[in-house]
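Have a look at target-v4.cif; it's mmCIF, C-alpha atoms:
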```
data_start
#
loop_
_atom_site.label_atom_id
_atom_site.label_comp_id
_atom_site.auth_asym_id
_atom_site.auth_seq_id
_atom_site.Cartn_x
_atom_site.Cartn_y
_atom_site.Cartn_z
CA MET A 10 18.59 -17.55 16.55
CA SER A 11 17.44 -20.32 14.22
CA ARG A 12 19.41 -20.90 11.10
CA TRP A 13 17.47 -20.89 7.86
CA LYS A 14 17.39 -24.56 6.84
CA PRO A 15 17.96 -25.42 3.20
CA ASP A 16 15.08 -27.91 3.00
CA ALA A 17 13.37 -28.56 -0.34
CA ALA A 18 11.56 -25.21 -0.28
CA GLY A 19 14.75 -23.45 0.74
CA ARG A 20 16.79 -25.16 -1.97
CA LEU A 21 14.19 -24.25 -4.58
CA SER A 22 14.18 -20.62 -3.41
CA LYS A 23 17.94 -20.44 -3.55
CA ALA A 24 18.07 -22.05 -7.00
CA ALA A 25 15.33 -19.74 -8.27
CA LEU A 26 17.10 -16.63 -7.06
CA GLU A 27 20.39 -17.73 -8.62
CA LEU A 28 18.68 -18.26 -11.95
CA PHE A 29 16.72 -15.00 -11.74
CA VAL A 30 20.01 -13.18 -11.28
CA GLU A 31 21.87 -15.12 -13.96
CA GLN A 32 19.32 -15.05 -16.74
CA GLY A 33 16.49 -12.79 -15.59
CA TYR A 34 13.19 -13.47 -13.89
CA GLU A 35 11.09 -13.62 -17.07
CA ALA A 36 13.39 -16.07 -18.82
CA THR A 37 13.58 -18.56 -15.96
CA THR A 38 11.28 -21.61 -16.02
CA VAL A 39 10.07 -23.83 -13.20
CA ALA A 40 11.82 -26.79 -14.88
CA GLU A 41 15.15 -24.97 -14.68
CA ILE A 42 14.59 -24.04 -11.04
CA ALA A 43 13.80 -27.64 -10.11
CA GLU A 44 16.80 -28.94 -12.05
CA ARG A 45 19.18 -26.46 -10.40
CA ALA A 46 17.87 -27.49 -6.98
CA GLY A 47 18.30 -31.17 -7.85
CA LEU A 48 14.55 -31.73 -7.45
CA THR A 49 11.61 -32.45 -9.72
CA LYS A 50 8.99 -30.07 -11.09
CA ARG A 51 6.48 -32.06 -9.09
CA THR A 52 8.33 -31.23 -5.89
CA PHE A 53 8.40 -27.60 -6.95
CA PHE A 54 4.64 -27.55 -7.31
CA ARG A 55 4.19 -29.20 -3.92
CA HIS A 56 5.79 -26.10 -2.41
CA PHE A 57 4.87 -23.23 -4.73
CA THR A 58 1.97 -22.43 -7.05
CA ASP A 59 4.24 -20.70 -9.58
CA LYS A 60 7.71 -19.19 -9.92
CA ARG A 61 6.51 -15.83 -8.65
CA GLU A 62 5.44 -17.43 -5.39
CA VAL A 63 9.04 -18.48 -4.67
CA LEU A 64 9.75 -14.83 -3.93
CA PHE A 65 6.98 -14.71 -1.33
CA ALA A 66 7.87 -17.73 0.77
CA GLY A 67 9.15 -15.41 3.50
CA THR A 68 6.00 -13.28 3.56
CA GLY A 69 4.02 -15.98 5.34
CA GLU A 70 6.69 -16.26 8.00
CA LEU A 71 6.89 -12.48 8.40
CA GLU A 72 3.13 -12.45 8.88
CA SER A 73 3.03 -15.26 11.40
CA ARG A 74 5.90 -13.79 13.43
CA TRP A 75 4.31 -10.36 13.39
CA LEU A 76 0.89 -11.67 14.46
CA ALA A 77 2.45 -13.85 17.17
CA GLY A 78 4.21 -10.77 18.54
CA ILE A 79 0.88 -8.93 18.72
CA ALA A 80 -0.83 -11.91 20.37
CA GLU A 81 1.90 -12.09 23.02
CA ALA A 82 1.94 -8.37 23.80
CA ASP A 83 0.83 -7.25 27.24
CA PRO A 84 -2.98 -6.90 27.30
CA ASP A 85 -2.55 -3.30 28.44
CA ALA A 86 -0.07 -2.41 25.69
CA THR A 87 -1.14 0.41 23.37
CA PRO A 88 -2.01 -0.63 19.80
CA LEU A 89 1.34 0.71 18.60
CA ALA A 90 3.27 -1.09 21.35
CA ALA A 91 1.48 -4.30 20.38
CA VAL A 92 2.35 -3.75 16.71
CA CYS A 93 6.00 -3.33 17.68
CA GLY A 94 5.81 -6.46 19.83
CA GLY A 95 6.86 -8.64 16.92
CA PHE A 96 9.89 -6.60 15.92
CA ASP A 97 12.46 -8.74 17.80
CA SER A 98 11.20 -11.92 16.23
CA ILE A 99 11.00 -10.33 12.77
CA SER A 100 14.56 -9.06 13.08
CA GLU A 101 15.75 -12.53 14.03
CA MET A 102 14.03 -14.02 11.03
CA PHE A 103 15.98 -11.78 8.67
CA ALA A 104 19.32 -12.16 10.46
CA GLU A 105 20.51 -14.91 8.13
CA ARG A 106 18.80 -13.64 5.01
CA HIS A 107 20.47 -10.39 4.11
CA ALA A 108 22.03 -11.56 0.86
CA PHE A 109 18.83 -13.35 -0.15
CA ALA A 110 16.72 -10.30 0.69
CA ARG A 111 18.91 -7.98 -1.37
CA VAL A 112 18.70 -10.15 -4.45
CA ARG A 113 14.99 -10.69 -3.94
CA SER A 114 14.42 -6.96 -3.64
CA SER A 115 16.21 -6.20 -6.90
CA ILE A 116 14.01 -8.76 -8.67
CA VAL A 117 10.81 -7.41 -7.12
CA GLU A 118 11.67 -3.82 -8.05
CA GLY A 119 12.59 -4.83 -11.58
CA ASN A 120 9.38 -6.73 -12.37
CA PRO A 121 6.13 -4.75 -12.21
CA GLU A 122 4.03 -7.91 -11.99
CA VAL A 123 6.04 -9.15 -8.99
CA LYS A 124 6.01 -5.69 -7.45
CA GLU A 125 2.21 -5.69 -7.68
CA ARG A 126 2.00 -8.95 -5.82
CA GLU A 127 4.32 -7.51 -3.18
CA LEU A 128 1.99 -4.52 -2.73
CA ILE A 129 -1.01 -6.80 -2.40
CA LYS A 130 0.74 -8.99 0.16
CA MET A 131 1.78 -5.99 2.23
CA HIS A 132 -1.76 -4.69 2.06
CA ARG A 133 -3.07 -8.03 3.35
CA LEU A 134 -0.49 -8.05 6.11
CA THR A 135 -1.60 -4.56 7.17
CA ALA A 136 -5.23 -5.71 7.24
CA GLU A 137 -4.34 -8.75 9.37
CA ILE A 138 -2.41 -6.61 11.85
CA GLU A 139 -5.38 -4.27 12.03
CA ASP A 140 -7.74 -7.20 12.69
CA ALA A 141 -5.44 -8.56 15.39
CA LEU A 142 -5.48 -5.15 17.12
CA VAL A 143 -9.26 -4.93 16.94
CA GLN A 144 -9.46 -8.39 18.50
CA ARG A 145 -7.30 -7.10 21.34
CA GLY A 146 -9.93 -4.42 21.92
CA ALA A 147 -8.32 -1.48 20.09
CA PRO A 148 -10.79 1.07 18.69
CA ALA A 149 -11.24 0.63 14.92
CA HIS A 150 -9.52 3.85 13.85
CA ALA A 151 -6.60 3.44 16.23
CA ALA A 152 -6.16 -0.15 15.01
CA LYS A 153 -6.06 0.98 11.38
CA LEU A 154 -3.63 3.82 12.05
CA ALA A 155 -1.34 1.74 14.27
CA ALA A 156 -1.26 -1.07 11.69
CA GLN A 157 -0.44 1.37 8.89
CA ALA A 158 2.18 3.10 11.02
CA GLY A 159 3.78 -0.24 11.93
CA VAL A 160 3.96 -1.39 8.32
CA THR A 161 5.37 1.99 7.26
CA VAL A 162 8.03 1.75 9.95
CA PHE A 163 8.89 -1.77 8.83
CA HIS A 164 8.96 -0.79 5.18
CA VAL A 165 11.30 2.15 5.70
CA ALA A 166 13.60 0.24 8.06
CA PHE A 167 13.72 -2.75 5.73
CA GLY A 168 14.64 -0.55 2.77
CA ARG A 169 17.45 0.95 4.80
CA TRP A 170 18.62 -2.45 5.98
CA LEU A 171 18.82 -3.71 2.38
CA GLN A 172 21.26 -0.92 1.61
CA GLN A 173 23.58 -1.82 4.48
CA GLU A 174 26.54 -4.16 4.56
CA ASP A 175 25.91 -7.84 5.12
CA GLY A 176 25.64 -8.63 8.82
CA ALA A 177 23.73 -5.47 9.70
CA ALA A 178 20.88 -5.95 12.18
CA LEU A 179 17.35 -4.89 11.32
CA ARG A 180 16.25 -4.26 14.91
CA PRO A 181 17.90 -0.87 15.54
CA LEU A 182 16.71 0.39 12.17
CA LEU A 183 13.13 -0.40 13.19
CA ASP A 184 13.55 1.76 16.28
CA ASP A 185 15.18 4.55 14.26
CA SER A 186 12.39 4.44 11.74
CA LEU A 187 9.69 4.62 14.42
CA ASN A 188 11.42 7.56 16.09
CA GLU A 189 11.76 9.30 12.76
CA LEU A 190 8.07 8.80 11.99
CA ARG A 191 7.34 10.37 15.36
CA SER A 192 9.44 13.42 14.61
CA VAL A 193 7.97 13.77 11.12
CA LEU A 194 4.55 13.91 12.77
CA ALA A 195 5.56 16.28 15.56
CA VAL A 196 3.59 19.51 15.48
CA GLY A 197 5.47 22.48 14.06
CA MET B 12 -15.90 25.41 -5.37
CA SER B 13 -16.06 24.06 -8.90
CA ARG B 14 -18.99 21.85 -9.80
CA TRP B 15 -18.13 18.50 -11.36
CA LYS B 16 -19.15 18.97 -15.00
CA PRO B 17 -20.98 16.12 -16.74
CA ASP B 18 -18.85 16.25 -19.87
CA ALA B 19 -18.36 13.14 -21.99
CA ALA B 20 -15.98 11.55 -19.47
CA GLY B 21 -18.30 12.47 -16.61
CA ARG B 22 -21.34 11.07 -18.42
CA LEU B 23 -19.50 7.85 -19.15
CA SER B 24 -18.42 7.54 -15.51
CA LYS B 25 -21.95 8.11 -14.29
CA ALA B 26 -23.41 5.64 -16.78
CA ALA B 27 -20.77 3.05 -15.89
CA LEU B 28 -21.45 3.34 -12.18
CA GLU B 29 -25.20 3.02 -12.69
CA LEU B 30 -24.69 -0.14 -14.71
CA PHE B 31 -22.13 -1.58 -12.28
CA VAL B 32 -24.71 -1.16 -9.52
CA GLU B 33 -27.65 -2.48 -11.56
CA GLN B 34 -26.06 -5.53 -13.12
CA GLY B 35 -22.62 -5.94 -11.55
CA TYR B 36 -19.18 -4.80 -12.60
CA GLU B 37 -18.18 -8.04 -14.32
CA ALA B 38 -21.34 -8.25 -16.41
CA THR B 39 -21.16 -4.69 -17.73
CA THR B 40 -19.64 -4.08 -21.18
CA VAL B 41 -18.12 -0.94 -22.65
CA ALA B 42 -20.85 -0.97 -25.35
CA GLU B 43 -23.53 -0.81 -22.67
CA ILE B 44 -21.76 2.02 -20.85
CA ALA B 45 -21.46 4.06 -24.05
CA GLU B 46 -25.09 3.42 -24.96
CA ARG B 47 -26.35 4.45 -21.52
CA ALA B 48 -24.31 7.66 -21.77
CA GLY B 49 -25.70 8.35 -25.25
CA LEU B 50 -22.21 8.15 -26.72
CA THR B 51 -20.26 5.77 -28.95
CA LYS B 52 -17.74 3.11 -27.96
CA ARG B 53 -15.21 5.15 -29.88
CA THR B 54 -15.83 8.10 -27.60
CA PHE B 55 -15.49 5.79 -24.62
CA PHE B 56 -12.06 4.68 -25.78
CA ARG B 57 -10.97 8.28 -26.34
CA HIS B 58 -11.41 8.81 -22.61
CA PHE B 59 -10.64 5.43 -21.01
CA THR B 60 -8.47 2.45 -21.86
CA ASP B 61 -10.98 -0.04 -20.41
CA LYS B 62 -14.01 -0.20 -18.14
CA ARG B 63 -11.86 -0.55 -15.05
CA GLU B 64 -10.21 2.78 -15.80
CA VAL B 65 -13.57 4.54 -15.47
CA LEU B 66 -13.27 3.99 -11.74
CA PHE B 67 -9.90 5.72 -11.65
CA ALA B 68 -10.75 8.93 -13.48
CA GLY B 69 -10.65 10.79 -10.16
CA THR B 70 -7.26 9.40 -9.14
CA GLY B 71 -5.43 11.63 -11.61
CA GLU B 72 -7.20 14.69 -10.27
CA LEU B 73 -6.50 13.67 -6.66
CA GLU B 74 -2.85 13.32 -7.57
CA SER B 75 -2.57 16.66 -9.39
CA ARG B 76 -4.35 18.52 -6.59
CA TRP B 77 -2.18 16.88 -3.97
CA LEU B 78 1.05 17.64 -5.82
CA ALA B 79 -0.06 21.21 -6.50
CA GLY B 80 -0.66 21.65 -2.77
CA ILE B 81 2.87 20.46 -2.04
CA ALA B 82 4.34 22.72 -4.73
CA GLU B 83 2.52 25.74 -3.27
CA ALA B 84 3.48 25.04 0.35
CA ASP B 85 5.75 27.51 2.10
CA PRO B 86 9.39 26.66 1.31
CA ASP B 87 10.05 26.44 5.04
CA ALA B 88 7.13 24.11 5.74
CA THR B 89 8.02 20.73 7.25
CA PRO B 90 7.57 17.72 4.95
CA LEU B 91 4.35 16.82 6.78
CA ALA B 92 2.99 20.37 6.57
CA ALA B 93 3.73 20.34 2.83
CA VAL B 94 1.94 16.99 2.45
CA CYS B 95 -1.09 18.45 4.22
CA GLY B 96 -0.92 21.54 2.00
CA GLY B 97 -3.19 19.94 -0.57
CA PHE B 98 -5.91 18.88 1.87
CA ASP B 99 -8.18 21.90 1.26
CA SER B 100 -8.10 21.43 -2.47
CA ILE B 101 -8.62 17.66 -2.15
CA SER B 102 -11.60 18.17 0.13
CA GLU B 103 -13.14 20.60 -2.37
CA MET B 104 -12.69 18.09 -5.15
CA PHE B 105 -14.76 15.52 -3.28
CA ALA B 106 -17.43 17.97 -2.08
CA GLU B 107 -19.80 17.13 -4.94
CA ARG B 108 -18.87 13.48 -5.26
CA HIS B 109 -20.02 11.79 -2.10
CA ALA B 110 -22.68 9.59 -3.71
CA PHE B 111 -20.34 8.70 -6.57
CA ALA B 112 -17.50 7.89 -4.17
CA ARG B 113 -19.68 5.59 -2.07
CA VAL B 114 -20.84 3.58 -5.04
CA ARG B 115 -17.33 3.48 -6.46
CA SER B 116 -15.95 2.23 -3.16
CA SER B 117 -18.44 -0.64 -2.96
CA ILE B 118 -17.42 -1.72 -6.47
CA VAL B 119 -13.71 -1.47 -5.71
CA GLU B 120 -14.06 -3.48 -2.49
CA GLY B 121 -16.15 -6.13 -4.24
CA ASN B 122 -13.78 -6.76 -7.14
CA PRO B 123 -10.29 -8.01 -6.27
CA GLU B 124 -8.90 -7.06 -9.68
CA VAL B 125 -10.15 -3.49 -9.27
CA LYS B 126 -8.95 -3.40 -5.67
CA GLU B 127 -5.48 -4.38 -6.86
CA ARG B 128 -5.39 -1.51 -9.30
CA GLU B 129 -6.50 0.79 -6.49
CA LEU B 130 -3.59 -0.39 -4.34
CA ILE B 131 -1.14 0.16 -7.16
CA LYS B 132 -2.48 3.65 -7.86
CA MET B 133 -2.24 4.61 -4.19
CA HIS B 134 1.29 3.25 -4.10
CA ARG B 135 2.23 5.40 -7.10
CA LEU B 136 0.61 8.42 -5.52
CA THR B 137 2.68 7.86 -2.38
CA ALA B 138 5.85 7.61 -4.45
CA GLU B 139 5.03 10.86 -6.29
CA ILE B 140 4.39 12.68 -3.04
CA GLU B 141 7.69 11.38 -1.73
CA ASP B 142 9.49 12.60 -4.87
CA ALA B 143 7.85 16.01 -4.59
CA LEU B 144 9.09 16.28 -1.00
CA VAL B 145 12.61 15.28 -1.96
CA GLN B 146 12.54 17.96 -4.66
CA ARG B 147 11.63 20.48 -1.98
CA GLY B 148 14.78 19.45 -0.16
CA ALA B 149 13.36 17.02 2.41
CA PRO B 150 15.79 14.30 3.57
CA ALA B 151 15.00 10.97 1.88
CA HIS B 152 13.73 9.15 4.96
CA ALA B 153 11.62 12.05 6.19
CA ALA B 154 10.13 12.36 2.70
CA LYS B 155 9.20 8.69 2.62
CA LEU B 156 7.71 8.71 6.11
CA ALA B 157 5.80 11.97 5.60
CA ALA B 158 4.40 10.71 2.28
CA GLN B 159 3.30 7.43 3.85
CA ALA B 160 1.82 9.24 6.84
CA GLY B 161 -0.08 11.63 4.59
CA VAL B 162 -1.54 8.84 2.49
CA THR B 163 -2.48 6.90 5.63
CA VAL B 164 -4.22 9.98 7.03
CA PHE B 165 -6.07 10.46 3.75
CA HIS B 166 -7.02 6.78 3.53
CA VAL B 167 -8.45 6.63 7.04
CA ALA B 168 -10.28 9.97 6.72
CA PHE B 169 -11.68 8.99 3.35
CA GLY B 170 -13.00 5.69 4.69
CA ARG B 171 -14.70 7.53 7.50
CA TRP B 172 -16.13 10.13 5.12
CA LEU B 173 -17.64 7.38 2.94
CA GLN B 174 -19.56 6.12 5.94
CA GLN B 175 -21.09 9.53 6.67
CA GLU B 176 -24.30 11.08 5.44
CA ASP B 177 -24.30 12.86 2.12
CA GLY B 178 -23.10 16.45 2.47
CA ALA B 179 -20.42 15.66 5.03
CA ALA B 180 -17.13 17.50 4.54
CA LEU B 181 -13.86 15.59 4.19
CA ARG B 182 -11.66 18.39 5.54
CA PRO B 183 -12.34 18.02 9.29
CA LEU B 184 -11.95 14.25 9.02
CA LEU B 185 -8.46 14.75 7.58
CA ASP B 186 -7.52 16.83 10.62
CA ASP B 187 -9.07 14.27 12.99
CA SER B 188 -7.23 11.46 11.30
CA LEU B 189 -3.89 13.28 11.51
CA ASN B 190 -4.41 14.03 15.18
CA GLU B 191 -5.36 10.44 15.82
CA LEU B 192 -2.24 9.19 14.06
CA ARG B 193 -0.25 11.50 16.29
CA SER B 194 -1.81 10.10 19.45
CA VAL B 195 -1.38 6.52 18.25
CA LEU B 196 2.32 7.27 17.87
CA ALA B 197 2.67 9.13 21.16
CA VAL B 198 5.20 7.50 23.44
CA GLY B 199 3.68 5.47 26.28
#
```
Before anything else, please render the file you have as structure tokens.
Amino acid sequence: MSRWKPDAAGRLSKAALELFVEQGYEATTVAEIAERAGLTKRTFFRHFTDKREVLFAGTGELESRWLAGIAEADPDATPLAAVCGGFDSISEMFAERHAFARVRSSIVEGNPEVKERELIKMHRLTAEIEDALVQRGAPAHAAKLAAQAGVTVFHVAFGRWLQQEDGAALRPLLDDSLNELRSVLAVG
Amino acid sequence: MSRWKPDAAGRLSKAALELFVEQGYEATTVAEIAERAGLTKRTFFRHFTDKREVLFAGTGELESRWLAGIAEADPDATPLAAVCGGFDSISEMFAERHAFARVRSSIVEGNPEVKERELIKMHRLTAEIEDALVQRGAPAHAAKLAAQAGVTVFHVAFGRWLQQEDGAALRPLLDDSLNELRSVLAVG
């Protein structure tokens, strides 16, 4: 399990989140974030296009871990099994980020503009998962449905994880969420 | 089956779509839309807040039909069965709108700003379905998963319907899409 390193980007993220909590997202400037992190605005803009993007630094990693999991899945795995192939790695990624993720989530939910970007990013992630499944040879409709199902499972599990005590693991919640989706869809 | 009436809003929608196709979405102004419909800009703004909103006139009707279907579902119906309760009414709504829906879809897909609003509207619809299920007494997680599953089923079926010949019915594609989601999620 790799510890999340407070490099420049990490320090800026941490500083930004502190300031968003202390004085609100809208009121916080890039200059203040850089100052709090002990870095320059120029360094900030080497890592992020704007203050909103600070909140989405993890999305790229989530995406690359998820796609790597699909790429490494057994060639005979079903589309859904391939989609779930990245769940271990994704859970590891969040292991050290519970407090960060909780604060981030409250900011995202409280700012419609940020929430919109979140929706767009999740939509893109779903499309990339779908593409990865098609490239593995999954039929188009199955790829779309498995990608949507996987993102739904993640979304529900992640929401539940955010509500838990610090130290909770994401992995079992992903399994619970998948099983619950299955029972919701059971005929009857 | 109620025919879609070309009232002022309908005439404006039709005129807008014609112009979007002829000269592009970006290049089209509200004045041109009103003129083509034989109406004034003032009338336009009584019906729509901006030209983008013309493309979302049907979203409100989709939402109200869907929620009505949930409200009318048997009190003992499972969350998923309740979600599917509106499918007949939704399919009827689109029966006369295939050509419109195809053109609309090409505009939405070709304009990122419009596509973003589409994502946000679908997200809100999902949240309203979830709320309606919770009000029926569904457990929170089941409500969320059933709402997401229902919207996924709709989304996939709708995409397939758009690719079909004019006159195709949406209803059987909704059933196919649900069954396919079930097999994608089947253990194995």
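Shortest separation to chain A among B:Gly69, B:Gly97, B:Gly161, B:Gly80 occurs at residue B:Gly161, atoms counted being all atoms listed in the file.
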Just want the 10 Å neighbourhood of Lys25 (chain B), counted on only C-alpha atoms, with same-chain residues fewer than 3 positions away dropped. Output as a list in words. Pro17, Ala19, Ala20, Gly21, Arg22, Leu28, Glu29, Leu30, Phe31, Ile44, Arg47, Ala48, Val65, Leu66 and Phe111 of chain B
Is it possible to get the superposed chain B, fitted on chain A over all Cα pairs by sequence order, as a compact mmCIF listing (two decimals) with C-alpha atoms, keeping the file's coordinate frame?
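Listed below is the output, part_13.txt:
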```
# COMPACT_ATOMS: atom_id res chain seq x y z
CA MET B 12 18.45 -17.62 16.63
CA SER B 13 17.28 -20.33 14.27
CA ARG B 14 19.30 -20.91 11.13
CA TRP B 15 17.36 -20.89 7.88
CA LYS B 16 17.34 -24.57 6.88
CA PRO B 17 17.95 -25.45 3.22
CA ASP B 18 15.07 -27.90 3.00
CA ALA B 19 13.36 -28.55 -0.32
CA ALA B 20 11.55 -25.19 -0.28
CA GLY B 21 14.74 -23.42 0.75
CA ARG B 22 16.77 -25.15 -1.97
CA LEU B 23 14.18 -24.23 -4.56
CA SER B 24 14.17 -20.60 -3.40
CA LYS B 25 17.94 -20.42 -3.55
CA ALA B 26 18.07 -22.04 -6.98
CA ALA B 27 15.34 -19.73 -8.27
CA LEU B 28 17.12 -16.62 -7.06
CA GLU B 29 20.41 -17.72 -8.62
CA LEU B 30 18.69 -18.26 -11.95
CA PHE B 31 16.72 -15.01 -11.74
CA VAL B 32 20.03 -13.19 -11.27
CA GLU B 33 21.91 -15.14 -13.96
CA GLN B 34 19.34 -15.08 -16.73
CA GLY B 35 16.51 -12.81 -15.61
CA TYR B 36 13.22 -13.49 -13.88
CA GLU B 37 11.12 -13.63 -17.05
CA ALA B 38 13.41 -16.08 -18.82
CA THR B 39 13.58 -18.57 -15.95
CA THR B 40 11.27 -21.62 -16.02
CA VAL B 41 10.06 -23.82 -13.19
CA ALA B 42 11.81 -26.80 -14.85
CA GLU B 43 15.14 -24.98 -14.67
CA ILE B 44 14.60 -24.03 -11.03
CA ALA B 45 13.79 -27.63 -10.08
CA GLU B 46 16.79 -28.95 -12.01
CA ARG B 47 19.18 -26.48 -10.39
CA ALA B 48 17.86 -27.50 -6.96
CA GLY B 49 18.28 -31.19 -7.82
CA LEU B 50 14.54 -31.73 -7.43
CA THR B 51 11.58 -32.46 -9.69
CA LYS B 52 8.98 -30.06 -11.05
CA ARG B 53 6.47 -32.05 -9.05
CA THR B 54 8.32 -31.22 -5.86
CA PHE B 55 8.40 -27.59 -6.93
CA PHE B 56 4.63 -27.53 -7.28
CA ARG B 57 4.19 -29.16 -3.88
CA HIS B 58 5.80 -26.08 -2.38
CA PHE B 59 4.86 -23.21 -4.71
CA THR B 60 1.98 -22.42 -7.03
CA ASP B 61 4.24 -20.68 -9.57
CA LYS B 62 7.70 -19.18 -9.91
CA ARG B 63 6.53 -15.82 -8.64
CA GLU B 64 5.45 -17.41 -5.37
CA VAL B 65 9.04 -18.45 -4.67
CA LEU B 66 9.75 -14.81 -3.93
CA PHE B 67 6.98 -14.70 -1.34
CA ALA B 68 7.89 -17.73 0.74
CA GLY B 69 9.15 -15.40 3.48
CA THR B 70 6.00 -13.27 3.54
CA GLY B 71 4.02 -15.97 5.33
CA GLU B 72 6.69 -16.27 7.99
CA LEU B 73 6.89 -12.48 8.39
CA GLU B 74 3.15 -12.43 8.87
CA SER B 75 3.03 -15.27 11.41
CA ARG B 76 5.90 -13.80 13.43
CA TRP B 77 4.30 -10.37 13.40
CA LEU B 78 0.90 -11.68 14.47
CA ALA B 79 2.47 -13.86 17.16
CA GLY B 80 4.21 -10.77 18.53
CA ILE B 81 0.89 -8.95 18.72
CA ALA B 82 -0.81 -11.93 20.37
CA GLU B 83 1.93 -12.11 23.01
CA ALA B 84 1.95 -8.38 23.78
CA ASP B 85 0.85 -7.26 27.22
CA PRO B 86 -2.95 -6.92 27.28
CA ASP B 87 -2.52 -3.33 28.43
CA ALA B 88 -0.06 -2.41 25.68
CA THR B 89 -1.14 0.40 23.35
CA PRO B 90 -2.01 -0.64 19.79
CA LEU B 91 1.35 0.70 18.59
CA ALA B 92 3.28 -1.10 21.33
CA ALA B 93 1.49 -4.32 20.37
CA VAL B 94 2.36 -3.77 16.69
CA CYS B 95 6.01 -3.33 17.67
CA GLY B 96 5.83 -6.46 19.83
CA GLY B 97 6.87 -8.65 16.92
CA PHE B 98 9.91 -6.59 15.91
CA ASP B 99 12.47 -8.74 17.78
CA SER B 100 11.20 -11.92 16.23
CA ILE B 101 11.01 -10.32 12.77
CA SER B 102 14.57 -9.05 13.05
CA GLU B 103 15.77 -12.54 14.02
CA MET B 104 14.02 -14.02 11.03
CA PHE B 105 15.98 -11.79 8.67
CA ALA B 106 19.32 -12.16 10.47
CA GLU B 107 20.52 -14.91 8.13
CA ARG B 108 18.82 -13.64 5.00
CA HIS B 109 20.47 -10.38 4.11
CA ALA B 110 22.04 -11.55 0.84
CA PHE B 111 18.83 -13.33 -0.16
CA ALA B 112 16.72 -10.28 0.69
CA ARG B 113 18.90 -7.96 -1.39
CA VAL B 114 18.70 -10.13 -4.46
CA ARG B 115 14.98 -10.67 -3.96
CA SER B 116 14.41 -6.93 -3.66
CA SER B 117 16.21 -6.18 -6.93
CA ILE B 118 14.00 -8.74 -8.69
CA VAL B 119 10.81 -7.40 -7.13
CA GLU B 120 11.67 -3.80 -8.06
CA GLY B 121 12.57 -4.82 -11.61
CA ASN B 122 9.38 -6.72 -12.38
CA PRO B 123 6.12 -4.76 -12.21
CA GLU B 124 4.01 -7.92 -12.00
CA VAL B 125 6.03 -9.14 -9.01
CA LYS B 126 5.99 -5.68 -7.46
CA GLU B 127 2.20 -5.68 -7.69
CA ARG B 128 1.98 -8.95 -5.82
CA GLU B 129 4.31 -7.49 -3.20
CA LEU B 130 1.99 -4.52 -2.75
CA ILE B 131 -1.02 -6.78 -2.40
CA LYS B 132 0.74 -8.99 0.14
CA MET B 133 1.79 -5.98 2.22
CA HIS B 134 -1.76 -4.68 2.06
CA ARG B 135 -3.08 -8.01 3.35
CA LEU B 136 -0.48 -8.04 6.09
CA THR B 137 -1.61 -4.57 7.17
CA ALA B 138 -5.23 -5.70 7.23
CA GLU B 139 -4.34 -8.75 9.36
CA ILE B 140 -2.42 -6.63 11.82
CA GLU B 141 -5.38 -4.28 12.03
CA ASP B 142 -7.73 -7.22 12.69
CA ALA B 143 -5.42 -8.58 15.38
CA LEU B 144 -5.47 -5.18 17.10
CA VAL B 145 -9.24 -4.96 16.93
CA GLN B 146 -9.42 -8.42 18.50
CA ARG B 147 -7.27 -7.13 21.34
CA GLY B 148 -9.89 -4.45 21.90
CA ALA B 149 -8.31 -1.51 20.08
CA PRO B 150 -10.79 1.06 18.69
CA ALA B 151 -11.23 0.61 14.93
CA HIS B 152 -9.51 3.83 13.86
CA ALA B 153 -6.59 3.42 16.24
CA ALA B 154 -6.16 -0.15 15.00
CA LYS B 155 -6.06 0.96 11.38
CA LEU B 156 -3.64 3.81 12.04
CA ALA B 157 -1.34 1.74 14.27
CA ALA B 158 -1.26 -1.07 11.69
CA GLN B 159 -0.45 1.36 8.88
CA ALA B 160 2.18 3.08 11.01
CA GLY B 161 3.78 -0.23 11.91
CA VAL B 162 3.96 -1.38 8.31
CA THR B 163 5.37 1.99 7.25
CA VAL B 164 8.03 1.75 9.95
CA PHE B 165 8.89 -1.77 8.83
CA HIS B 166 8.96 -0.78 5.15
CA VAL B 167 11.30 2.16 5.68
CA ALA B 168 13.60 0.25 8.06
CA PHE B 169 13.71 -2.72 5.72
CA GLY B 170 14.67 -0.53 2.76
CA ARG B 171 17.45 0.98 4.79
CA TRP B 172 18.62 -2.44 5.99
CA LEU B 173 18.83 -3.69 2.38
CA GLN B 174 21.25 -0.89 1.60
CA GLN B 175 23.59 -1.82 4.46
CA GLU B 176 26.54 -4.16 4.54
CA ASP B 177 25.93 -7.83 5.12
CA GLY B 178 25.64 -8.62 8.83
CA ALA B 179 23.73 -5.47 9.70
CA ALA B 180 20.89 -5.93 12.18
CA LEU B 181 17.34 -4.87 11.31
CA ARG B 182 16.26 -4.25 14.90
CA PRO B 183 17.92 -0.86 15.53
CA LEU B 184 16.71 0.39 12.15
CA LEU B 185 13.13 -0.40 13.19
CA ASP B 186 13.57 1.76 16.28
CA ASP B 187 15.19 4.55 14.24
CA SER B 188 12.40 4.45 11.72
CA LEU B 189 9.71 4.64 14.42
CA ASN B 190 11.43 7.57 16.08
CA GLU B 191 11.77 9.30 12.75
CA LEU B 192 8.08 8.81 11.99
CA ARG B 193 7.35 10.36 15.36
CA SER B 194 9.45 13.43 14.61
CA VAL B 195 7.97 13.78 11.13
CA LEU B 196 4.55 13.90 12.78
CA ALA B 197 5.57 16.25 15.58
CA VAL B 198 3.55 19.44 15.56
CA GLY B 199 5.39 22.46 14.15
```
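Closest approach to Phe167 (chain A) among A:Trp75, A:Glu127, A:Asp83, A:Ser114: A:Ser114, based on all atoms listed in the file.
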